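S.K.: Below is the file input_12.cif, which contains mmCIF, C-alpha atoms.
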data_input
loop_
_atom_site.label_atom_id
_atom_site.label_comp_id
_atom_site.auth_asym_id
_atom_site.auth_seq_id
_atom_site.Cartn_x
_atom_site.Cartn_y
_atom_site.Cartn_z
CA MET A 9 227.99 0.32 -6.30
CA LYS A 10 227.87 -1.66 -9.54
CA PRO A 11 224.44 -2.78 -10.85
CA ASN A 12 225.30 -6.48 -10.43
CA ARG A 13 226.26 -5.98 -6.79
CA MET A 14 223.11 -3.95 -6.15
CA PHE A 15 221.04 -6.70 -7.72
CA PHE A 16 222.52 -9.47 -5.59
CA SER A 17 222.32 -7.31 -2.46
CA LEU A 18 218.62 -6.82 -3.09
CA LEU A 19 218.18 -10.57 -3.59
CA CYS A 20 219.99 -11.35 -0.34
CA LEU A 21 217.79 -8.85 1.51
CA THR A 22 214.65 -10.32 -0.04
CA VAL A 23 215.58 -13.95 0.57
CA PHE A 24 217.11 -13.76 4.04
CA ALA A 25 215.68 -10.74 5.88
CA LEU A 26 212.06 -11.87 6.37
CA PRO A 27 212.87 -15.51 7.17
CA ALA A 28 215.56 -14.42 9.62
CA ALA A 29 213.12 -12.07 11.34
CA SER A 30 210.50 -14.80 11.67
CA LEU A 31 213.00 -17.33 12.98
CA ALA A 32 214.02 -14.83 15.64
CA LEU A 33 210.49 -14.79 17.08
CA PRO A 34 210.33 -16.42 20.51
CA GLY A 35 208.17 -19.47 20.94
CA ASN A 36 206.12 -20.08 17.84
CA GLY A 37 208.73 -19.36 15.21
CA VAL A 38 208.64 -20.57 11.63
CA MET A 39 210.33 -23.89 12.38
CA ASP A 40 207.81 -24.63 15.13
CA LEU A 41 204.92 -23.93 12.78
CA VAL A 42 206.44 -26.12 10.07
CA ALA A 43 206.98 -28.94 12.54
CA GLN A 44 203.32 -28.75 13.61
CA ALA A 45 201.98 -28.64 10.04
CA ASP A 46 200.05 -31.53 8.53
CA LEU A 47 201.35 -33.78 5.75
CA PHE A 48 199.72 -31.79 2.93
CA THR A 49 201.23 -28.49 4.12
CA LYS A 50 204.66 -30.08 4.46
CA GLY A 51 204.31 -31.42 0.92
CA VAL A 52 203.55 -27.89 -0.34
CA LEU A 53 206.57 -26.52 1.52
CA LEU A 54 208.78 -29.28 0.12
CA SER A 55 207.56 -28.50 -3.40
CA LEU A 56 208.39 -24.83 -2.91
CA LEU A 57 211.83 -25.76 -1.59
CA VAL A 58 212.50 -27.82 -4.74
CA LEU A 59 211.32 -24.91 -6.93
CA SER A 60 213.57 -22.53 -5.01
CA ILE A 61 216.62 -24.75 -5.51
CA LEU A 62 215.75 -25.12 -9.19
CA SER A 63 215.32 -21.38 -9.72
CA TRP A 64 218.64 -20.57 -8.06
CA SER A 65 220.39 -23.30 -10.05
CA ILE A 66 219.04 -21.84 -13.30
CA THR A 67 219.95 -18.31 -12.24
CA LEU A 68 223.53 -19.08 -11.28
CA ASN A 69 224.08 -21.28 -14.34
CA LYS A 70 222.77 -18.61 -16.71
CA TYR A 71 224.69 -15.87 -14.94
CA TRP A 72 228.00 -17.66 -15.46
CA GLN A 73 227.10 -18.55 -19.06
CA PHE A 74 226.26 -14.92 -19.86
CA ARG A 75 229.41 -13.68 -18.13
CA SER A 76 231.53 -16.15 -20.11
CA PHE A 77 229.84 -15.00 -23.33
CA HIS A 78 230.70 -11.35 -22.70
CA ARG A 79 234.31 -12.21 -21.83
CA ASP A 80 234.82 -14.24 -25.03
CA TYR A 81 232.87 -11.71 -27.09
CA HIS A 82 235.04 -8.74 -26.11
CA ARG A 83 238.25 -10.77 -26.41
CA LEU A 84 237.42 -11.77 -29.97
CA LEU A 85 236.24 -8.32 -31.06
CA ASN A 86 239.45 -6.77 -29.78
CA LEU A 87 241.44 -9.13 -32.03
CA LEU A 88 239.34 -8.68 -35.20
CA ARG A 89 241.49 -6.07 -36.91
CA PRO A 90 241.47 -5.71 -40.74
CA ASN A 91 245.03 -7.04 -41.15
CA ALA A 92 244.99 -9.43 -38.19
CA ASP A 93 246.43 -12.88 -38.82
CA LEU A 94 243.75 -15.59 -38.77
CA PRO A 95 245.89 -18.28 -37.02
CA THR A 96 246.82 -15.70 -34.37
CA ILE A 97 243.19 -14.87 -33.68
CA TYR A 98 242.35 -18.53 -33.46
CA ALA A 99 245.22 -19.25 -31.06
CA LYS A 100 244.51 -16.29 -28.76
CA ALA A 101 240.71 -16.22 -28.68
CA VAL A 102 239.29 -19.53 -29.87
CA LYS A 103 241.62 -22.51 -29.39
CA ASN A 104 240.80 -24.61 -26.31
CA ARG A 105 238.08 -22.13 -25.31
CA PRO A 106 234.68 -23.78 -25.85
CA GLY A 107 231.81 -21.35 -25.86
CA PRO A 108 229.09 -19.77 -28.02
CA VAL A 109 231.30 -17.02 -29.45
CA ASN A 110 234.10 -19.38 -30.36
CA ARG A 111 231.78 -21.93 -31.94
CA VAL A 112 230.33 -19.20 -34.17
CA PHE A 113 233.86 -18.16 -35.14
CA GLU A 114 234.81 -21.74 -35.96
CA GLU A 115 231.70 -22.15 -38.12
CA GLY A 116 232.70 -19.12 -40.17
CA GLN A 117 236.32 -20.29 -40.33
CA VAL A 118 235.28 -23.72 -41.67
CA THR A 119 233.10 -22.08 -44.32
CA LEU A 120 235.93 -19.76 -45.34
CA ALA A 121 238.49 -22.58 -45.49
CA ALA A 122 236.20 -24.75 -47.63
CA ALA A 123 235.58 -21.91 -50.08
CA PHE A 124 239.27 -21.06 -50.29
CA ASP A 125 240.22 -24.71 -50.86
CA ARG A 126 237.72 -24.89 -53.72
CA TYR A 127 239.14 -21.72 -55.19
CA VAL A 128 242.76 -22.90 -54.92
CA SER A 129 241.90 -26.29 -56.44
CA THR A 130 240.65 -24.57 -59.62
CA LYS A 131 243.99 -22.88 -60.13
CA ASN A 132 246.71 -24.75 -61.99
CA PRO A 133 249.80 -22.57 -61.90
CA ALA A 134 251.54 -24.61 -64.60
CA SER A 135 248.93 -23.89 -67.27
CA THR A 136 246.41 -21.31 -68.35
CA PRO A 137 243.20 -21.68 -66.37
CA SER A 138 240.36 -23.33 -68.29
CA PRO A 139 236.95 -21.62 -68.65
CA LEU A 140 235.42 -24.17 -66.29
CA ALA A 141 238.07 -23.51 -63.65
CA GLU A 142 237.57 -19.78 -64.01
CA SER A 143 233.80 -20.27 -63.67
CA LEU A 144 234.19 -22.33 -60.49
CA ALA A 145 236.61 -19.81 -59.01
CA GLU A 146 234.23 -16.96 -59.79
CA ARG A 147 231.34 -18.88 -58.28
CA SER A 148 233.26 -19.43 -55.04
CA ASN A 149 233.99 -15.72 -54.95
CA ASN A 150 230.35 -14.76 -55.55
CA THR A 151 228.76 -17.21 -53.11
CA LEU A 152 231.20 -16.71 -50.23
CA GLU A 153 229.34 -13.78 -48.69
CA HIS A 154 226.02 -15.61 -48.93
CA ASP A 155 227.49 -18.82 -47.49
CA LEU A 156 229.12 -16.95 -44.62
CA THR A 157 225.91 -15.08 -43.83
CA MET A 158 223.81 -18.24 -43.78
CA ARG A 159 226.29 -20.32 -41.75
CA LEU A 160 227.01 -17.58 -39.22
CA GLU A 161 223.34 -16.75 -38.73
CA THR A 162 222.48 -20.42 -38.32
CA ALA A 163 225.27 -20.85 -35.77
CA THR A 164 224.20 -17.76 -33.80
CA ASP A 165 220.57 -18.93 -33.77
CA ILE A 166 221.61 -22.29 -32.33
CA GLU A 167 223.88 -20.74 -29.71
CA PHE A 168 221.30 -18.11 -28.73
CA SER A 169 218.64 -20.80 -28.27
CA GLN A 170 220.98 -22.69 -25.95
CA LEU A 171 221.68 -19.56 -23.93
CA GLU A 172 217.97 -18.80 -23.74
CA ALA A 173 217.08 -22.31 -22.55
CA GLY A 174 216.01 -22.34 -18.92
CA LEU A 175 214.52 -18.86 -18.72
CA SER A 176 211.06 -20.21 -19.57
CA SER A 177 211.36 -22.59 -16.61
CA LEU A 178 212.32 -19.65 -14.40
CA ALA A 179 209.27 -17.74 -15.62
CA THR A 180 207.08 -20.76 -14.83
CA ILE A 181 208.48 -20.90 -11.29
CA THR A 182 207.78 -17.19 -10.91
CA THR A 183 204.16 -17.68 -11.91
CA ALA A 184 203.41 -20.97 -10.19
CA SER A 185 205.08 -20.64 -6.77
CA PRO A 186 202.69 -18.00 -5.32
CA PHE A 187 199.69 -20.12 -6.32
CA ILE A 188 201.25 -23.24 -4.82
CA GLY A 189 201.77 -21.27 -1.60
CA LEU A 190 198.17 -20.01 -1.79
CA LEU A 191 196.94 -23.59 -2.20
CA GLY A 192 198.64 -24.52 1.07
CA THR A 193 197.13 -21.49 2.77
CA VAL A 194 193.59 -22.28 1.61
CA TRP A 195 194.05 -25.85 2.77
CA GLY A 196 195.30 -24.72 6.17
CA ILE A 197 192.49 -22.19 6.70
CA MET A 198 189.95 -24.79 5.65
CA ASN A 199 191.35 -27.18 8.27
CA ALA A 200 191.30 -24.39 10.86
CA PHE A 201 187.60 -23.74 10.31
CA LEU A 202 186.87 -27.47 10.33
CA GLY A 203 188.62 -27.60 13.69
CA ILE A 204 186.35 -24.80 14.94
CA SER A 205 183.26 -26.65 13.80
CA ARG A 206 184.39 -29.84 15.52
CA SER A 207 185.37 -28.20 18.79
CA GLY A 208 182.60 -25.61 18.87
CA ASN A 209 185.09 -23.04 20.19
CA ALA A 210 185.80 -19.98 18.04
CA ASP A 211 188.23 -18.34 20.45
CA LEU A 212 191.17 -16.59 18.79
CA SER A 213 193.66 -18.62 20.77
CA VAL A 214 192.25 -21.73 19.13
CA VAL A 215 192.05 -20.34 15.57
CA ALA A 216 195.29 -18.32 15.42
CA PRO A 217 197.84 -21.19 15.41
CA GLY A 218 196.06 -22.94 12.53
CA ILE A 219 195.79 -19.76 10.47
CA ALA A 220 199.43 -18.86 11.16
CA GLU A 221 200.45 -22.35 10.07
CA ALA A 222 198.41 -21.91 6.87
CA LEU A 223 199.96 -18.54 6.06
CA ILE A 224 203.47 -20.02 6.22
CA THR A 225 202.93 -21.53 2.76
CA THR A 226 202.02 -18.10 1.33
CA VAL A 227 205.20 -16.65 2.80
CA ALA A 228 207.18 -19.54 1.34
CA GLY A 229 205.57 -19.08 -2.07
CA LEU A 230 206.43 -15.39 -2.12
CA ALA A 231 209.96 -16.14 -0.87
CA VAL A 232 210.40 -18.33 -3.96
CA ALA A 233 208.58 -16.06 -6.44
CA ILE A 234 210.10 -12.67 -5.59
CA PRO A 235 213.77 -13.66 -6.12
CA ALA A 236 212.75 -15.69 -9.17
CA VAL A 237 211.04 -12.73 -10.85
CA LEU A 238 213.99 -10.45 -10.07
CA CYS A 239 216.41 -13.02 -11.48
CA HIS A 240 214.25 -13.56 -14.56
CA ASN A 241 214.09 -9.84 -15.33
CA PHE A 242 217.82 -9.45 -14.75
CA LEU A 243 218.70 -12.39 -17.00
CA SER A 244 216.21 -11.31 -19.69
CA THR A 245 217.90 -7.91 -19.86
CA ARG A 246 221.31 -9.56 -20.21
CA LEU A 247 219.92 -11.89 -22.86
CA ARG A 248 218.71 -8.96 -24.98
CA ARG A 249 222.24 -7.52 -24.84
CA ILE A 250 223.62 -10.89 -25.92
CA GLU A 251 221.21 -10.94 -28.86
CA ASP A 252 222.52 -7.52 -29.95
CA GLY A 253 226.05 -8.82 -29.42
CA PHE A 254 225.43 -11.79 -31.71
CA ILE A 255 224.20 -9.43 -34.45
CA ARG A 256 227.34 -7.32 -34.19
CA LEU A 257 229.55 -10.41 -33.96
CA THR A 258 228.07 -11.85 -37.15
CA THR A 259 228.66 -8.57 -39.00
CA GLU A 260 232.22 -8.18 -37.74
CA LEU A 261 233.13 -11.78 -38.56
CA LYS A 262 231.67 -11.55 -42.04
CA ILE A 263 233.63 -8.35 -42.76
CA TYR A 264 236.85 -9.87 -41.42
CA PHE A 265 236.48 -13.18 -43.30
CA ILE A 266 235.64 -11.45 -46.60
CA ASN A 267 238.63 -9.12 -46.23
CA TRP A 268 240.82 -12.13 -45.44
CA TRP A 269 239.43 -13.90 -48.53
CA HIS A 270 240.30 -11.03 -50.88
CA ARG A 271 243.73 -10.60 -49.32
CA GLU A 272 244.63 -14.29 -49.56
CA LYS A 273 243.07 -14.58 -53.02
CA SER A 274 245.25 -11.74 -54.26
CA LYS A 275 248.34 -13.41 -52.80
CA SER A 276 247.37 -16.75 -54.40
CA GLU A 277 246.84 -15.14 -57.81
CA ASN A 278 250.19 -13.38 -57.61
CA ARG A 279 251.95 -16.63 -56.72
CA ALA A 280 250.17 -18.47 -59.53
CA GLY A 281 251.17 -15.76 -62.01
CA TYR A 282 254.82 -15.92 -60.98
CA GLN A 283 254.84 -19.72 -61.29
CA ARG A 284 253.27 -19.63 -64.77
CA ASP A 285 255.77 -17.03 -65.93
CA PHE A 286 258.63 -19.12 -64.54
CA ALA A 287 257.28 -22.28 -66.23
CA ARG A 288 257.28 -20.53 -69.59
#
For this file, write the structure as C-alpha coordinates.

M.R.:
Amino acid sequence: MKPNRMFFSLLCLTVFALPAASLALPGNGVMDLVAQADLFTKGVLLSLLVLSILSWSITLNKYWQFRSFHRDYHRLLNLLRPNADLPTIYAKAVKNRPGPVNRVFEEGQVTLAAAFDRYVSTKNPASTPSPLAESLAERSNNTLEHDLTMRLETATDIEFSQLEAGLSSLATITTASPFIGLLGTVWGIMNAFLGISRSGNADLSVVAPGIAEALITTVAGLAVAIPAVLCHNFLSTRLRRIEDGFIRLTTELKIYFINWWHREKSKSENRAGYQRDFAR
(Lines of atoms letter the chains of each structure in order from A and count residues from 1; the text may use other names and numbers.)
(Lines give C-alpha, C1' and ligand atoms only; values in the text may rest on other atoms or scores of the structure.)
Protein backbone atom coordinates (compact mmCIF):
# COMPACT_ATOMS: atom_id res chain seq x y z
CA MET A 1 0.00 0.00 0.00
CA LYS A 2 1.29 3.46 -0.87
CA PRO A 3 2.16 5.84 2.02
CA ASN A 4 -0.59 8.32 1.02
CA ARG A 5 -3.24 5.59 1.08
CA MET A 6 -1.98 4.31 4.43
CA PHE A 7 -2.14 7.82 5.81
CA PHE A 8 -5.73 8.43 4.73
CA SER A 9 -6.77 4.96 5.89
CA LEU A 10 -5.40 5.74 9.33
CA LEU A 11 -7.25 9.06 9.34
CA CYS A 12 -10.53 7.39 8.39
CA LEU A 13 -10.07 4.83 11.16
CA THR A 14 -9.28 7.56 13.68
CA VAL A 15 -12.13 9.84 12.67
CA PHE A 16 -14.94 7.35 12.11
CA ALA A 17 -14.26 4.21 14.18
CA LEU A 18 -14.77 5.58 17.71
CA PRO A 19 -17.76 7.80 16.86
CA ALA A 20 -19.40 4.94 14.98
CA ALA A 21 -18.89 2.62 17.94
CA SER A 22 -20.41 5.13 20.36
CA LEU A 23 -23.37 5.81 18.10
CA ALA A 24 -24.04 2.08 17.98
CA LEU A 25 -24.58 1.97 21.76
CA PRO A 26 -28.20 1.28 22.67
CA GLY A 27 -30.07 3.88 24.64
CA ASN A 28 -27.73 6.62 25.77
CA GLY A 29 -25.67 7.02 22.64
CA VAL A 30 -23.65 10.07 21.72
CA MET A 31 -26.54 11.88 20.04
CA ASP A 32 -28.72 11.40 23.11
CA LEU A 33 -26.02 12.84 25.35
CA VAL A 34 -25.52 15.81 23.03
CA ALA A 35 -29.25 16.46 22.94
CA GLN A 36 -29.38 16.47 26.75
CA ALA A 37 -26.35 18.76 27.13
CA ASP A 38 -26.66 22.32 28.39
CA LEU A 39 -26.11 25.42 26.26
CA PHE A 40 -22.45 25.86 27.25
CA THR A 41 -21.57 22.25 26.34
CA LYS A 42 -23.36 22.56 23.02
CA GLY A 43 -21.40 25.75 22.34
CA VAL A 44 -18.13 23.88 23.01
CA LEU A 45 -19.19 21.07 20.68
CA LEU A 46 -20.17 23.58 17.99
CA SER A 47 -16.78 25.28 18.31
CA LEU A 48 -15.03 21.95 17.91
CA LEU A 49 -17.16 21.16 14.86
CA VAL A 50 -16.11 24.47 13.25
CA LEU A 51 -12.44 23.72 14.05
CA SER A 52 -12.80 20.25 12.55
CA ILE A 53 -14.27 21.63 9.32
CA LEU A 54 -11.53 24.25 9.18
CA SER A 55 -8.75 21.71 9.73
CA TRP A 56 -10.05 19.40 7.03
CA SER A 57 -10.48 22.32 4.63
CA ILE A 58 -6.86 23.36 5.19
CA THR A 59 -5.64 19.79 4.85
CA LEU A 60 -7.43 19.06 1.59
CA ASN A 61 -6.51 22.45 0.11
CA LYS A 62 -2.83 22.02 0.96
CA TYR A 63 -2.81 18.43 -0.23
CA TRP A 64 -4.03 19.43 -3.69
CA GLN A 65 -1.66 22.41 -3.80
CA PHE A 66 1.33 20.22 -2.94
CA ARG A 67 0.25 17.56 -5.44
CA SER A 68 -0.08 20.19 -8.17
CA PHE A 69 3.38 21.53 -7.29
CA HIS A 70 5.01 18.12 -7.68
CA ARG A 71 3.23 17.51 -11.00
CA ASP A 72 4.37 20.85 -12.46
CA TYR A 73 7.83 20.49 -10.93
CA HIS A 74 8.56 17.13 -12.55
CA ARG A 75 7.03 18.20 -15.87
CA LEU A 76 9.29 21.25 -16.06
CA LEU A 77 12.45 19.43 -14.95
CA ASN A 78 11.91 16.78 -17.60
CA LEU A 79 11.87 19.50 -20.26
CA LEU A 80 14.93 21.45 -19.02
CA ARG A 81 17.51 19.94 -21.34
CA PRO A 82 20.69 21.90 -22.28
CA ASN A 83 19.62 22.42 -25.91
CA ALA A 84 15.87 22.57 -25.29
CA ASP A 85 14.01 25.33 -27.09
CA LEU A 86 12.72 28.00 -24.69
CA PRO A 87 9.37 28.63 -26.50
CA THR A 88 8.77 24.86 -26.54
CA ILE A 89 9.33 24.59 -22.80
CA TYR A 90 7.03 27.52 -22.20
CA ALA A 91 4.28 26.06 -24.40
CA LYS A 92 4.44 22.55 -22.91
CA ALA A 93 5.03 23.27 -19.22
CA VAL A 94 4.12 26.86 -18.40
CA LYS A 95 1.55 28.41 -20.74
CA ASN A 96 -1.99 28.44 -19.31
CA ARG A 97 -0.80 26.50 -16.25
CA PRO A 98 -0.87 28.84 -13.24
CA GLY A 99 1.10 27.55 -10.30
CA PRO A 100 4.17 28.17 -8.11
CA VAL A 101 6.62 26.37 -10.41
CA ASN A 102 5.42 28.15 -13.51
CA ARG A 103 5.44 31.56 -11.88
CA VAL A 104 9.07 31.04 -10.85
CA PHE A 105 9.90 30.03 -14.42
CA GLU A 106 8.17 33.10 -15.81
CA GLU A 107 10.08 35.35 -13.40
CA GLY A 108 13.37 33.96 -14.67
CA GLN A 109 12.19 34.20 -18.28
CA VAL A 110 11.28 37.88 -17.87
CA THR A 111 14.68 38.61 -16.33
CA LEU A 112 16.45 36.79 -19.15
CA ALA A 113 14.42 38.53 -21.87
CA ALA A 114 15.09 41.97 -20.37
CA ALA A 115 18.83 41.30 -20.19
CA PHE A 116 18.93 39.97 -23.74
CA ASP A 117 16.97 42.96 -25.07
CA ARG A 118 19.45 45.30 -23.41
CA TYR A 119 22.32 43.37 -24.93
CA VAL A 120 20.81 43.36 -28.43
CA SER A 121 20.03 47.08 -28.24
CA THR A 122 23.74 47.86 -27.73
CA LYS A 123 24.65 46.11 -30.95
CA ASN A 124 24.50 48.08 -34.19
CA PRO A 125 25.27 45.65 -36.98
CA ALA A 126 25.83 48.46 -39.51
CA SER A 127 28.74 50.00 -37.61
CA THR A 128 31.57 49.16 -35.28
CA PRO A 129 30.32 48.98 -31.70
CA SER A 130 31.23 52.00 -29.58
CA PRO A 131 33.11 51.61 -26.26
CA LEU A 132 29.95 52.56 -24.36
CA ALA A 133 27.91 49.93 -26.19
CA GLU A 134 30.57 47.33 -25.53
CA SER A 135 30.60 48.32 -21.85
CA LEU A 136 26.82 48.01 -21.56
CA ALA A 137 26.85 44.65 -23.32
CA GLU A 138 29.58 43.37 -21.02
CA ARG A 139 27.69 44.62 -17.99
CA SER A 140 24.55 42.75 -19.05
CA ASN A 141 26.65 39.64 -19.46
CA ASN A 142 28.29 40.02 -16.03
CA THR A 143 25.15 40.86 -14.06
CA LEU A 144 22.85 38.26 -15.63
CA GLU A 145 23.76 35.46 -13.22
CA HIS A 146 23.34 37.75 -10.22
CA ASP A 147 20.02 39.11 -11.50
CA LEU A 148 18.71 35.63 -12.20
CA THR A 149 19.75 34.39 -8.77
CA MET A 150 18.10 37.29 -6.96
CA ARG A 151 14.86 37.20 -8.98
CA LEU A 152 14.49 33.42 -8.83
CA GLU A 153 15.20 33.28 -5.11
CA THR A 154 12.76 36.10 -4.44
CA ALA A 155 10.08 34.35 -6.50
CA THR A 156 10.64 31.01 -4.74
CA ASP A 157 10.47 32.69 -1.32
CA ILE A 158 7.12 34.26 -2.20
CA GLU A 159 5.70 31.03 -3.60
CA PHE A 160 6.98 28.95 -0.67
CA SER A 161 5.38 31.37 1.81
CA GLN A 162 2.05 30.99 0.02
CA LEU A 163 2.32 27.20 0.09
CA GLU A 164 3.23 27.30 3.77
CA ALA A 165 0.29 29.54 4.68
CA GLY A 166 -2.36 27.69 6.64
CA LEU A 167 -0.13 25.17 8.38
CA SER A 168 0.24 27.46 11.40
CA SER A 169 -3.55 27.53 11.70
CA LEU A 170 -3.60 23.74 11.55
CA ALA A 171 -0.99 23.61 14.32
CA THR A 172 -3.11 25.98 16.41
CA ILE A 173 -6.16 23.73 15.96
CA THR A 174 -4.05 20.75 17.00
CA THR A 175 -3.00 22.50 20.20
CA ALA A 176 -6.25 24.24 21.12
CA SER A 177 -8.94 21.63 20.42
CA PRO A 178 -8.05 19.22 23.29
CA PHE A 179 -8.11 22.11 25.76
CA ILE A 180 -11.45 23.34 24.42
CA GLY A 181 -12.79 19.82 24.89
CA LEU A 182 -11.30 19.71 28.40
CA LEU A 183 -12.99 23.02 29.21
CA GLY A 184 -16.36 21.48 28.35
CA THR A 185 -15.56 18.43 30.46
CA VAL A 186 -14.59 20.49 33.52
CA TRP A 187 -17.76 22.51 33.11
CA GLY A 188 -19.88 19.38 32.86
CA ILE A 189 -18.29 17.69 35.89
CA MET A 190 -18.68 20.88 37.89
CA ASN A 191 -22.39 20.92 37.03
CA ALA A 192 -22.67 17.24 37.94
CA PHE A 193 -21.25 17.85 41.42
CA LEU A 194 -23.45 20.92 41.85
CA GLY A 195 -26.40 18.69 41.02
CA ILE A 196 -25.28 16.25 43.74
CA SER A 197 -25.05 19.03 46.28
CA ARG A 198 -28.52 20.28 45.40
CA SER A 199 -30.19 16.88 45.42
CA GLY A 200 -28.22 15.40 48.30
CA ASN A 201 -28.04 12.09 46.43
CA ALA A 202 -24.60 10.78 45.42
CA ASP A 203 -25.84 7.58 43.82
CA LEU A 204 -23.94 6.54 40.68
CA SER A 205 -27.12 6.44 38.64
CA VAL A 206 -27.54 10.13 39.35
CA VAL A 207 -23.92 11.17 38.73
CA ALA A 208 -23.06 8.98 35.72
CA PRO A 209 -25.23 10.68 33.05
CA GLY A 210 -23.81 14.11 33.90
CA ILE A 211 -20.22 12.87 33.86
CA ALA A 212 -20.76 10.99 30.59
CA GLU A 213 -22.24 14.14 29.08
CA ALA A 214 -19.18 16.10 30.25
CA LEU A 215 -16.72 13.60 28.80
CA ILE A 216 -18.32 13.92 25.35
CA THR A 217 -16.50 17.23 24.87
CA THR A 218 -13.14 15.57 25.64
CA VAL A 219 -13.88 12.89 23.05
CA ALA A 220 -14.85 15.58 20.55
CA GLY A 221 -11.68 17.56 21.27
CA LEU A 222 -9.50 14.51 20.69
CA ALA A 223 -11.49 13.61 17.55
CA VAL A 224 -10.53 17.03 16.18
CA ALA A 225 -6.93 17.09 17.47
CA ILE A 226 -5.73 13.61 16.46
CA PRO A 227 -6.52 13.90 12.72
CA ALA A 228 -5.25 17.49 12.77
CA VAL A 229 -1.86 16.52 14.20
CA LEU A 230 -1.53 13.64 11.73
CA CYS A 231 -2.41 15.96 8.85
CA HIS A 232 -0.02 18.64 10.10
CA ASN A 233 2.89 16.21 10.33
CA PHE A 234 2.10 14.77 6.91
CA LEU A 235 1.88 18.19 5.27
CA SER A 236 5.01 19.45 7.06
CA THR A 237 6.97 16.52 5.63
CA ARG A 238 5.68 17.28 2.14
CA LEU A 239 6.51 20.95 2.63
CA ARG A 240 10.15 20.15 3.46
CA ARG A 241 10.37 18.18 0.21
CA ILE A 242 8.90 21.16 -1.65
CA GLU A 243 11.52 23.43 -0.09
CA ASP A 244 14.25 21.10 -1.38
CA GLY A 245 12.49 21.05 -4.74
CA PHE A 246 12.52 24.85 -4.95
CA ILE A 247 16.28 24.87 -4.30
CA ARG A 248 16.88 22.38 -7.10
CA LEU A 249 14.45 24.19 -9.39
CA THR A 250 16.26 27.50 -8.89
CA THR A 251 19.61 25.88 -9.70
CA GLU A 252 18.32 24.07 -12.77
CA LEU A 253 16.58 27.18 -14.13
CA LYS A 254 19.64 29.34 -13.60
CA ILE A 255 21.86 26.83 -15.44
CA TYR A 256 19.38 26.55 -18.31
CA PHE A 257 18.85 30.32 -18.68
CA ILE A 258 22.59 31.07 -18.59
CA ASN A 259 23.27 28.38 -21.21
CA TRP A 260 20.46 29.82 -23.33
CA TRP A 261 21.97 33.30 -22.92
CA HIS A 262 25.41 32.23 -24.14
CA ARG A 263 23.93 30.24 -27.02
CA GLU A 264 21.70 33.08 -28.22
CA LYS A 265 24.44 35.67 -27.62
CA SER A 266 26.79 33.69 -29.84
CA LYS A 267 24.15 33.49 -32.56
CA SER A 268 23.48 37.24 -32.28
CA GLU A 269 27.18 38.08 -32.53
CA ASN A 270 27.58 35.87 -35.58
CA ARG A 271 24.61 37.52 -37.29
CA ALA A 272 25.92 40.98 -36.43
CA GLY A 273 29.35 40.09 -37.83
CA TYR A 274 27.88 38.83 -41.09
CA GLN A 275 25.77 41.98 -41.48
CA ARG A 276 28.75 44.28 -40.84
CA ASP A 277 30.85 42.38 -43.36
CA PHE A 278 28.04 42.59 -45.92
CA ALA A 279 27.61 46.35 -45.28
CA ARG A 280 31.28 46.93 -46.01

S.K.: Excluding same-chain residues fewer than 5 positions from Val112 in chain A, what lies within 9 Å of it counting all atoms listed in the file, as a list in words?

M.R.: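 Residues near the query, excluding close chain neighbours: Gly107, Gln117, Arg159, Leu160, Glu161, Thr162, Ala163, Thr164, Glu167, Leu257 and Thr258 of chain A.
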
S.K.: At what distance in Å, to one decimal, does CA of Leu190 in chain A lie from CA of Gly203 in chain A?

M.R.: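 Those two atoms sit 19.7 Å apart.
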
S.K.: Give as JSON, numbers by chain every residue, naming chains and numbers as the document does, that has an atom within 10 Å of (203.1, -21.1, 6.0), counting all atoms listed in the file.

M.R.: {"A": [38, 41, 42, 45, 49, 50, 52, 53, 189, 190, 192, 193, 196, 218, 219, 220, 221, 222, 223, 224, 225, 226, 227, 228, 229]}

S.K.: Tell me which residues the PyMOL selection byres ((chain A and resi 58-63) around 7) grabs here, as a list in words.

M.R.: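 Evaluating the PyMOL selection byres ((chain A and resi 58-63) around 7) on this file yields Leu54, Ser55, Leu56, Leu57, Trp64, Ser65, Ile66, Thr67, Leu178, Ile181, Val232 and Ala236 of chain A.
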
S.K.: Could you work out how far CA of Leu68 in chain A lies from CA of Pro106 in chain A, giving the answer in Å with one decimal?

M.R.: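 Atom-to-atom, CA of Pro106 in chain A to CA of Leu68 in chain A, that is 18.9 Å.
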
S.K.: Exactly which residues make up the result of the PyMOL selection byres ((chain A and resi 91-96) around 12) on this file, given as a short mmCIF file (atom, residue, chain, number, x, y, z; two decimals) with C-alpha atoms, in the coordinates of the input?

M.R.:
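Now in part21.cif:
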data_model
loop_
_atom_site.label_atom_id
_atom_site.label_comp_id
_atom_site.auth_asym_id
_atom_site.auth_seq_id
_atom_site.Cartn_x
_atom_site.Cartn_y
_atom_site.Cartn_z
CA LEU A 84 237.42 -11.77 -29.97
CA LEU A 85 236.24 -8.32 -31.06
CA ASN A 86 239.45 -6.77 -29.78
CA LEU A 87 241.44 -9.13 -32.03
CA LEU A 88 239.34 -8.68 -35.20
CA ARG A 89 241.49 -6.07 -36.91
CA PRO A 90 241.47 -5.71 -40.74
CA ILE A 97 243.19 -14.87 -33.68
CA TYR A 98 242.35 -18.53 -33.46
CA ALA A 99 245.22 -19.25 -31.06
CA LYS A 100 244.51 -16.29 -28.76
CA ALA A 101 240.71 -16.22 -28.68
CA VAL A 102 239.29 -19.53 -29.87
CA LYS A 103 241.62 -22.51 -29.39
CA PHE A 113 233.86 -18.16 -35.14
CA GLU A 114 234.81 -21.74 -35.96
CA GLY A 116 232.70 -19.12 -40.17
CA GLN A 117 236.32 -20.29 -40.33
CA LEU A 120 235.93 -19.76 -45.34
CA ALA A 121 238.49 -22.58 -45.49
CA LEU A 261 233.13 -11.78 -38.56
CA ILE A 263 233.63 -8.35 -42.76
CA TYR A 264 236.85 -9.87 -41.42
CA PHE A 265 236.48 -13.18 -43.30
CA ILE A 266 235.64 -11.45 -46.60
CA ASN A 267 238.63 -9.12 -46.23
CA TRP A 268 240.82 -12.13 -45.44
CA TRP A 269 239.43 -13.90 -48.53
CA HIS A 270 240.30 -11.03 -50.88
CA ARG A 271 243.73 -10.60 -49.32
CA GLU A 272 244.63 -14.29 -49.56
#

S.K.: Please expand the PyMOL selection byres ((chain A and resi 243-255) around 8) into the concrete residues it hits in this file, giving the result as an NGL selection string.

M.R.: :A and (67 or 70-71 or 74 or 77-78 or 81 or 164 or 168 or 171-172 or 175 or 239-242 or 256-259)

S.K.: Rounded to one decimal place, report the CA of Thr182 in chain A-CA of Val237 in chain A distance in Å.

M.R.: 5.5 Å
